[in-house]
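Visitor: Below you'll find data01.txt; it's compact mmCIF, N, CA and C atoms.
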# COMPACT_ATOMS: atom_id res chain seq x y z
N MET A 994 7.01 -7.25 2.31
CA MET A 994 6.28 -6.58 1.25
C MET A 994 6.39 -5.09 1.49
N LEU A 995 6.83 -4.36 0.50
CA LEU A 995 6.90 -2.90 0.56
C LEU A 995 6.10 -2.37 -0.61
N ALA A 996 5.09 -1.57 -0.32
CA ALA A 996 4.26 -0.96 -1.36
C ALA A 996 4.48 0.55 -1.32
N ILE A 997 4.86 1.12 -2.44
CA ILE A 997 5.07 2.56 -2.53
C ILE A 997 4.07 3.11 -3.54
N HIS A 998 3.29 4.09 -3.13
CA HIS A 998 2.24 4.62 -3.98
C HIS A 998 2.26 6.13 -3.97
N GLY A 999 1.93 6.70 -5.11
CA GLY A 999 1.74 8.13 -5.22
C GLY A 999 0.25 8.41 -5.32
N THR A 1000 -0.27 9.26 -4.47
CA THR A 1000 -1.70 9.52 -4.48
C THR A 1000 -2.15 10.27 -5.73
N ALA A 1001 -1.22 10.82 -6.49
CA ALA A 1001 -1.56 11.54 -7.72
C ALA A 1001 -1.25 10.72 -8.98
N ASP A 1002 -0.94 9.44 -8.84
CA ASP A 1002 -0.60 8.59 -9.99
C ASP A 1002 -1.82 8.42 -10.89
N PRO A 1003 -1.77 8.85 -12.16
CA PRO A 1003 -2.92 8.72 -13.04
C PRO A 1003 -3.05 7.33 -13.68
N HIS A 1004 -2.08 6.45 -13.44
CA HIS A 1004 -2.10 5.11 -14.03
C HIS A 1004 -2.68 4.08 -13.05
N VAL A 1005 -2.18 4.10 -11.83
CA VAL A 1005 -2.64 3.17 -10.80
C VAL A 1005 -3.26 4.03 -9.70
N LEU A 1006 -4.58 4.10 -9.68
CA LEU A 1006 -5.27 5.00 -8.76
C LEU A 1006 -5.20 4.50 -7.33
N TYR A 1007 -4.92 5.40 -6.41
CA TYR A 1007 -4.78 5.07 -5.00
C TYR A 1007 -6.05 4.41 -4.46
N GLU A 1008 -7.18 4.91 -4.88
CA GLU A 1008 -8.46 4.37 -4.42
C GLU A 1008 -8.96 3.20 -5.29
N GLY A 1009 -8.16 2.79 -6.28
CA GLY A 1009 -8.53 1.69 -7.15
C GLY A 1009 -9.29 2.17 -8.36
N GLY A 1010 -9.56 1.26 -9.26
CA GLY A 1010 -10.32 1.60 -10.45
C GLY A 1010 -9.44 1.70 -11.68
N HIS A 1011 -9.96 2.39 -12.68
CA HIS A 1011 -9.30 2.52 -13.97
C HIS A 1011 -8.90 4.00 -14.13
N GLY A 1012 -7.62 4.27 -14.11
CA GLY A 1012 -7.14 5.65 -14.23
C GLY A 1012 -7.28 6.21 -15.63
N PRO A 1013 -7.31 7.55 -15.75
CA PRO A 1013 -7.46 8.17 -17.05
C PRO A 1013 -6.29 7.89 -17.99
N GLU A 1014 -5.14 7.51 -17.45
CA GLU A 1014 -3.98 7.22 -18.28
C GLU A 1014 -3.58 5.75 -18.22
N THR A 1015 -4.49 4.89 -17.72
CA THR A 1015 -4.23 3.46 -17.65
C THR A 1015 -4.25 2.88 -19.06
N ILE A 1016 -3.27 2.03 -19.35
CA ILE A 1016 -3.19 1.38 -20.65
C ILE A 1016 -4.01 0.10 -20.60
N GLY A 1017 -4.89 -0.10 -21.58
CA GLY A 1017 -5.72 -1.30 -21.61
C GLY A 1017 -6.95 -1.14 -20.75
N THR A 1018 -7.53 -2.26 -20.37
CA THR A 1018 -8.77 -2.25 -19.61
C THR A 1018 -8.59 -2.70 -18.18
N ARG A 1019 -7.36 -2.77 -17.73
CA ARG A 1019 -7.07 -3.23 -16.37
C ARG A 1019 -7.78 -2.34 -15.34
N VAL A 1020 -8.35 -2.96 -14.33
CA VAL A 1020 -8.94 -2.24 -13.20
C VAL A 1020 -8.19 -2.70 -11.96
N ASP A 1021 -7.55 -1.78 -11.30
CA ASP A 1021 -6.75 -2.12 -10.13
C ASP A 1021 -7.58 -2.04 -8.85
N VAL A 1022 -7.22 -2.89 -7.88
CA VAL A 1022 -7.84 -2.78 -6.56
C VAL A 1022 -7.22 -1.57 -5.87
N SER A 1023 -7.85 -1.10 -4.82
CA SER A 1023 -7.32 0.04 -4.09
C SER A 1023 -6.05 -0.36 -3.34
N VAL A 1024 -5.29 0.64 -2.94
CA VAL A 1024 -4.10 0.37 -2.15
C VAL A 1024 -4.49 -0.32 -0.85
N ALA A 1025 -5.58 0.12 -0.23
CA ALA A 1025 -6.02 -0.49 1.03
C ALA A 1025 -6.32 -1.98 0.85
N GLU A 1026 -6.99 -2.34 -0.26
CA GLU A 1026 -7.29 -3.75 -0.51
C GLU A 1026 -6.03 -4.56 -0.75
N SER A 1027 -5.10 -4.00 -1.49
CA SER A 1027 -3.85 -4.69 -1.79
C SER A 1027 -3.03 -4.91 -0.52
N VAL A 1028 -2.91 -3.86 0.29
CA VAL A 1028 -2.15 -3.97 1.54
C VAL A 1028 -2.82 -4.97 2.47
N ALA A 1029 -4.16 -4.92 2.58
CA ALA A 1029 -4.89 -5.84 3.45
C ALA A 1029 -4.64 -7.29 3.05
N PHE A 1030 -4.56 -7.55 1.74
CA PHE A 1030 -4.26 -8.90 1.27
C PHE A 1030 -2.93 -9.38 1.83
N TRP A 1031 -1.88 -8.54 1.71
CA TRP A 1031 -0.55 -8.95 2.15
C TRP A 1031 -0.44 -9.02 3.66
N VAL A 1032 -1.14 -8.15 4.38
CA VAL A 1032 -1.16 -8.21 5.84
C VAL A 1032 -1.74 -9.56 6.28
N ASP A 1033 -2.86 -9.93 5.67
CA ASP A 1033 -3.51 -11.20 6.00
C ASP A 1033 -2.65 -12.39 5.58
N ALA A 1034 -2.10 -12.34 4.39
CA ALA A 1034 -1.30 -13.46 3.87
C ALA A 1034 -0.07 -13.73 4.73
N ASN A 1035 0.46 -12.68 5.36
CA ASN A 1035 1.65 -12.83 6.18
C ASN A 1035 1.34 -12.89 7.67
N ASN A 1036 0.04 -12.93 8.02
CA ASN A 1036 -0.40 -13.00 9.41
C ASN A 1036 0.18 -11.88 10.27
N CYS A 1037 0.23 -10.67 9.70
CA CYS A 1037 0.74 -9.52 10.44
C CYS A 1037 -0.34 -8.97 11.38
N ASP A 1038 0.10 -8.20 12.37
CA ASP A 1038 -0.81 -7.51 13.27
C ASP A 1038 -1.65 -6.54 12.44
N PRO A 1039 -2.99 -6.60 12.53
CA PRO A 1039 -3.82 -5.73 11.71
C PRO A 1039 -3.79 -4.26 12.13
N GLU A 1040 -3.19 -3.95 13.27
CA GLU A 1040 -3.08 -2.56 13.73
C GLU A 1040 -1.69 -2.03 13.35
N PRO A 1041 -1.61 -1.10 12.40
CA PRO A 1041 -0.31 -0.62 11.96
C PRO A 1041 0.26 0.47 12.86
N VAL A 1042 1.55 0.70 12.69
CA VAL A 1042 2.21 1.87 13.26
C VAL A 1042 2.34 2.87 12.11
N ILE A 1043 1.80 4.07 12.31
CA ILE A 1043 1.78 5.08 11.24
C ILE A 1043 2.63 6.26 11.66
N THR A 1044 3.55 6.65 10.77
CA THR A 1044 4.39 7.83 11.01
C THR A 1044 4.36 8.70 9.76
N ILE A 1045 4.55 9.99 9.97
CA ILE A 1045 4.61 10.94 8.86
C ILE A 1045 5.96 11.64 8.92
N GLY A 1046 6.74 11.47 7.84
CA GLY A 1046 8.06 12.07 7.79
C GLY A 1046 8.00 13.57 7.52
N GLU A 1047 9.11 14.23 7.73
CA GLU A 1047 9.19 15.67 7.46
C GLU A 1047 8.91 16.00 6.01
N ASP A 1048 9.13 15.03 5.13
CA ASP A 1048 8.88 15.22 3.70
C ASP A 1048 7.42 14.97 3.31
N GLY A 1049 6.57 14.65 4.31
CA GLY A 1049 5.16 14.41 4.06
C GLY A 1049 4.81 12.99 3.69
N VAL A 1050 5.79 12.10 3.62
CA VAL A 1050 5.53 10.71 3.29
C VAL A 1050 4.91 10.01 4.51
N VAL A 1051 3.77 9.37 4.27
CA VAL A 1051 3.09 8.62 5.32
C VAL A 1051 3.58 7.18 5.24
N ARG A 1052 4.13 6.69 6.34
CA ARG A 1052 4.67 5.34 6.40
C ARG A 1052 3.78 4.52 7.33
N THR A 1053 3.21 3.45 6.79
CA THR A 1053 2.31 2.58 7.54
C THR A 1053 2.95 1.20 7.58
N VAL A 1054 3.20 0.70 8.80
CA VAL A 1054 3.91 -0.58 8.96
C VAL A 1054 3.06 -1.55 9.78
N TYR A 1055 2.83 -2.72 9.18
CA TYR A 1055 2.16 -3.83 9.85
C TYR A 1055 3.24 -4.85 10.13
N SER A 1056 3.51 -5.15 11.39
CA SER A 1056 4.59 -6.07 11.73
C SER A 1056 4.04 -7.29 12.46
N GLY A 1057 4.96 -8.11 12.97
CA GLY A 1057 4.57 -9.28 13.74
C GLY A 1057 4.09 -10.46 12.92
N GLY A 1058 4.41 -10.47 11.65
CA GLY A 1058 3.96 -11.56 10.78
C GLY A 1058 4.79 -12.82 10.94
N ASP A 1059 4.39 -13.84 10.21
CA ASP A 1059 5.10 -15.12 10.22
C ASP A 1059 6.57 -14.91 9.87
N GLN A 1060 7.43 -15.55 10.63
CA GLN A 1060 8.87 -15.52 10.41
C GLN A 1060 9.40 -14.08 10.32
N GLY A 1061 8.81 -13.17 11.10
CA GLY A 1061 9.27 -11.79 11.14
C GLY A 1061 8.78 -10.93 9.98
N ALA A 1062 7.84 -11.44 9.20
CA ALA A 1062 7.34 -10.68 8.04
C ALA A 1062 6.67 -9.39 8.48
N ARG A 1063 6.75 -8.39 7.62
CA ARG A 1063 6.02 -7.15 7.84
C ARG A 1063 5.61 -6.58 6.48
N VAL A 1064 4.58 -5.79 6.51
CA VAL A 1064 4.09 -5.12 5.32
C VAL A 1064 4.22 -3.63 5.58
N GLU A 1065 4.85 -2.95 4.64
CA GLU A 1065 5.08 -1.51 4.80
C GLU A 1065 4.55 -0.80 3.58
N GLU A 1066 3.78 0.25 3.83
CA GLU A 1066 3.24 1.08 2.76
C GLU A 1066 3.75 2.50 2.97
N ARG A 1067 4.15 3.12 1.87
CA ARG A 1067 4.56 4.53 1.90
C ARG A 1067 3.77 5.27 0.84
N ALA A 1068 3.21 6.38 1.23
CA ALA A 1068 2.41 7.17 0.30
C ALA A 1068 2.73 8.64 0.47
N HIS A 1069 2.65 9.35 -0.63
CA HIS A 1069 2.89 10.80 -0.60
C HIS A 1069 1.88 11.48 -1.47
Could you express the structure from this file as structure tokens?

Guide:
Amino acid sequence: MLAIHGTADPHVLYEGGHGPETIGTRVDVSVAESVAFWVDANNCDPEPVITIGEDGVVRTVYSGGDQGARVEERAH
């Protein structure tokens, strides 16, 4: 599972909820809730490895899941 999010996205809010430019009445869960679901579903280690690239992108990786599964989130 790879989740890529922009913290300034007006459609899908990083912290969850209904963005000012969201179409319809959809309310999204936060990125943290979504990532936690996939970490749990894949039985990954709940302690991630976090790195920040020179471009400012924060990469959070949860590894050690079933059959080598990992969940990776990138945010800028």

Visitor: Check the smallest atom-to-atom distance from each of A:Thr1015, A:Val1064, A:Thr1053, A:Ser1023 to Cys1037 in chain A using all atoms listed in the file, then report the winner.

Guide: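 Looking only at the distances to Cys1037 in chain A, the closest residue turns out to be A:Val1064.
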
Visitor: Per DSSP on the backbone, what are the strand (DSSP E) residues of chain A, as a list in words?

Guide: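 Matching residues for strand (DSSP E) in chain A are Leu995, Ala996, Ile997, His998, Val1042, Ile1043, Thr1044, Ile1045, Val1051, Arg1052, Thr1053, Val1054, Tyr1055, Val1064, Glu1065, Glu1066, Arg1067 and Ala1068 of chain A.
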
Visitor: One number please: CA of Val1005 in chain A to CA of Val1024 in chain A, in Å, one decimal.

Guide: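 Interatomic distance, CA of Val1005 in chain A to CA of Val1024 in chain A: 9.2 Å.
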
Visitor: Can you pull out every residue within 7 Å of Asn1035 in chain A, counting all atoms listed in the file, but drop anything in the same chain fewer than 4 positions away, and send it as a list in words?

Guide: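 Everything that qualifies: Phe1030, Trp1031, Gly1057, Gly1058, Asp1059, Ala1062 and Arg1063 of chain A.
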
Visitor: Determine the nearest neighbour of Glu1065 in chain A from the options A:Val1022, A:Ile997, A:Ala1034, A:Val1050, counting only N, CA and C atoms.

Guide: A:Ile997

Visitor: Using only C-alpha atoms, pick whichever of A:Val1054, A:Thr1000, A:His1069, A:Gly1046 has the shortest atom-to-atom distance to Val1032 in chain A.

Guide: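 Among the listed residues, A:Val1054 lies closest to Val1032 in chain A.
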
Visitor: Could you list, as a PyMOL selection string, every residue within 6.5 Å of His998 in chain A, counting all atoms listed in the file and ignoring same-chain residues fewer than 6 positions away?

Guide: chain A and resi 1066-1069

Visitor: Nearest residue to Tyr1055 in chain A out of A:Leu1006, A:Ala1025, A:Met994, A:Val1042, using all atoms listed in the file?

Guide: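 Counting all atoms listed in the file, the residue closest to Tyr1055 in chain A is A:Val1042.
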
Visitor: Could you tell me which of A:Ser1056, A:His1004, A:Gly1009, A:Asp1021 comes closest to Pro1039 in chain A if we count all atoms listed in the file?

Guide: A:Ser1056

Visitor: Please compute the CA of Ala1001 in chain A-CA of Asp1048 in chain A distance, one decimal, in Å.

Guide: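 Here the two named atoms are 15.9 Å from each other.
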
Visitor: What does the distance between CA of Asp1002 in chain A and CA of Glu1047 in chain A come to in Å, to one decimal place?

Guide: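 A separation of 21.2 Å between them.
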